[in-house]
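Structure first, then comments.
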Amino acid sequence: MSGSATPALKPPIVILGSGQAGTGVAREFRKYDADTRLVMITRDDGANYYKPDISEAYAAGKTPDDLVKKDADTMAAELDLEIRSHEQVEAIDPEAKRVLLSGDTLEYNRLVLAVGAEPIRLNLSGDAVDAVHKINNLTDYRNFRRDLHPEARVAILGSGLIGSEFANDLVTAGHSVSVADPVDWPLAQFLPETAGRAVRQALEQAGVDYFFGRAATGVHFGDDETINVGLDDDTVIHADIVLSAVGLNGANRLASAAGLEVDRGVVVDRTLATSDPHIYALGDCADVAGHWRPYVAPLMQCARTLGKTLAAGDEEAAAQVRYPALPIIIKTHLCPVVVYPPVTRPGEWQINEANGADVEAEFRDEDGRCVGFALTGEATKKRREYLKNVPPIMA
Ligand SMILES: Cc1cc2nc3c(=O)[nH]c(=O)nc-3n(C[C@H](O)[C@H](O)[C@H](O)COP(=O)(O)OP(=O)(O)OC[C@H]3O[C@@H](n4cnc5c(N)ncnc54)[C@H](O)[C@@H]3O)c2cc1C
């Protein structure tokens, strides 16, 4: 009798990472496909939280636990997902279509990289280097809050989005806050000087002590567990806790070791496919057709597109991601900021209005077209008006 053999089970779609990108694509996929096996691997606990909440939690009286929206089991049940938490993917074998975990391997049909970005570490000297905090996930934030005693003087290295938001949150909650940065005004990568000065003034009035034009060089323990932060002009900031917020890089190690093309992040085309057609990437780890945008709104666009593509299972007809004009909202509540970084350069900033904390600025390209804007204070209420006049990031 020629008995019919049981067909081999097709390997699952495997998603690496349980952040906004990983859960976002799982949620979108399930809108179209209720049956295909989905496995999510994450080195954290797999709980669902909204990462931007972290930098405004303290002044709002929230603990790290208050930020958890759903635990891993609830997420797994809701999305019919197998979540393998506290598991680190060590390598990807694209030829064999499998991922290597410590002591195990898992085959995939399609693989989605949603592994986020890595905080840049400054090359600091001194015996307190290991005591310097960075915050890029809830575990980091738990560690920071554990070490932040109520009277702690906080030194923040970096006045970009993350550094400025934490400066705002911590000073609002009553901490003494110092910020050091080699640039000349806060949020310098986003804002022209006039707008940056508006933010600076609002945070200074609340008590933030800025050390601009100076880079941190070393961190040394002093008396009573004080940490002395040395700057390159020999200034020393005396702090009880130090937070480094000097930027991110796409987490490229796994991808480049697997032979995938990487740049600021894993290089993907507008279908979110990497240089291997069975592997996709989105979120902070992905460089999407030349755009590395480590923010929530772009990754949600990608999650929608990729969810559809994975469910259709037809790479030839894969959907292409679009990035409309997606502004960045910076949660410096003492002087709120909405910015749409210029989509093309060169060009120059033009200040339309500047009245105390309220600044309106447009970035005009060489043909005089408005291709970006920055609004602070009350002027942030005009963002819809400004959005009408700018081109999309990727049409
Ligand atoms: C304090 C803070 C405030 C922010 N505020 C804003 C804001 O106001 N607006 C905004 O748009 N953006 C903001 N951002 C950025 C935004 O939060 C990120 O763009 C977004 O959360 C990135 O999601 P992701 O899923 O790509 O990465 P992540 O959330 O970093 O997730 C990466 C996942 O990959 C897993 N992982 C990594 N490597 C491995 C491995 N080898 N094996 C297994 N698992 C692995 C991790 O465990 C994690 O689950 C903020 C970021 C921070 C840190």
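Here's how to read the names in the structure tokens: chain A, B, ... by the order shown, residue numbers from 1 in each chain, ligand numbers from 1 in the order shown.
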
Shell of 7 Å around ligand 1 (only C-alpha atoms and all ligand atoms), written as a count of residues only: 44

List as a PDB file with N, CA, C and O atoms, in the first residue's frame the protein and nucleic acid residues near A:Ala303, meaning an atom at most 6 Å away when only C-alpha atoms are counted, but skip any in the same chain fewer than 4 places from it.
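Output file around13.pdb is given in full below:
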ATOM      1  N   GLY A  24       4.664  45.214  15.757  1.00  0.00           N
ATOM      2  CA  GLY A  24       3.884  45.903  14.725  1.00  0.00           C
ATOM      3  C   GLY A  24       3.686  45.012  13.505  1.00  0.00           C
ATOM      4  O   GLY A  24       2.570  44.885  12.989  1.00  0.00           O
ATOM      5  N   VAL A  25       4.739  44.367  13.048  1.00  0.00           N
ATOM      6  CA  VAL A  25       4.607  43.532  11.841  1.00  0.00           C
ATOM      7  C   VAL A  25       3.781  42.286  12.159  1.00  0.00           C
ATOM      8  O   VAL A  25       2.988  41.835  11.318  1.00  0.00           O
ATOM      9  N   GLY A 307       3.605  43.489   6.695  1.00  0.00           N
ATOM     10  CA  GLY A 307       2.551  42.555   7.113  1.00  0.00           C
ATOM     11  C   GLY A 307       1.797  42.027   5.904  1.00  0.00           C
ATOM     12  O   GLY A 307       1.552  40.824   5.763  1.00  0.00           O
TER      13      GLY A 307
END

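Look at A:Thr226: the protein and nucleic acid residues within 8 Å of it, using only C-alpha atoms and passing over chain neighbours fewer than 2 places away, are A:Phe221, A:Gly222, A:Asp223, A:Asp224, A:Asn228, A:His238, A:Ala239, A:Asp240, A:Ile241.
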
All residues 10 Å or closer to stretch 343-351 of chain A, only C-alpha atoms, same chain fewer than 4 positions away omitted, as a VMD selection string: chain A and resid 191 to 195 291 325 359 to 375 390 to 394

Atom CA of A:Asp209 to atom CA of A:Ala180, straight-line distance in Å: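 Calculated distance between atom CA of A:Ala180 and atom CA of A:Asp209 is 8.6 Å.
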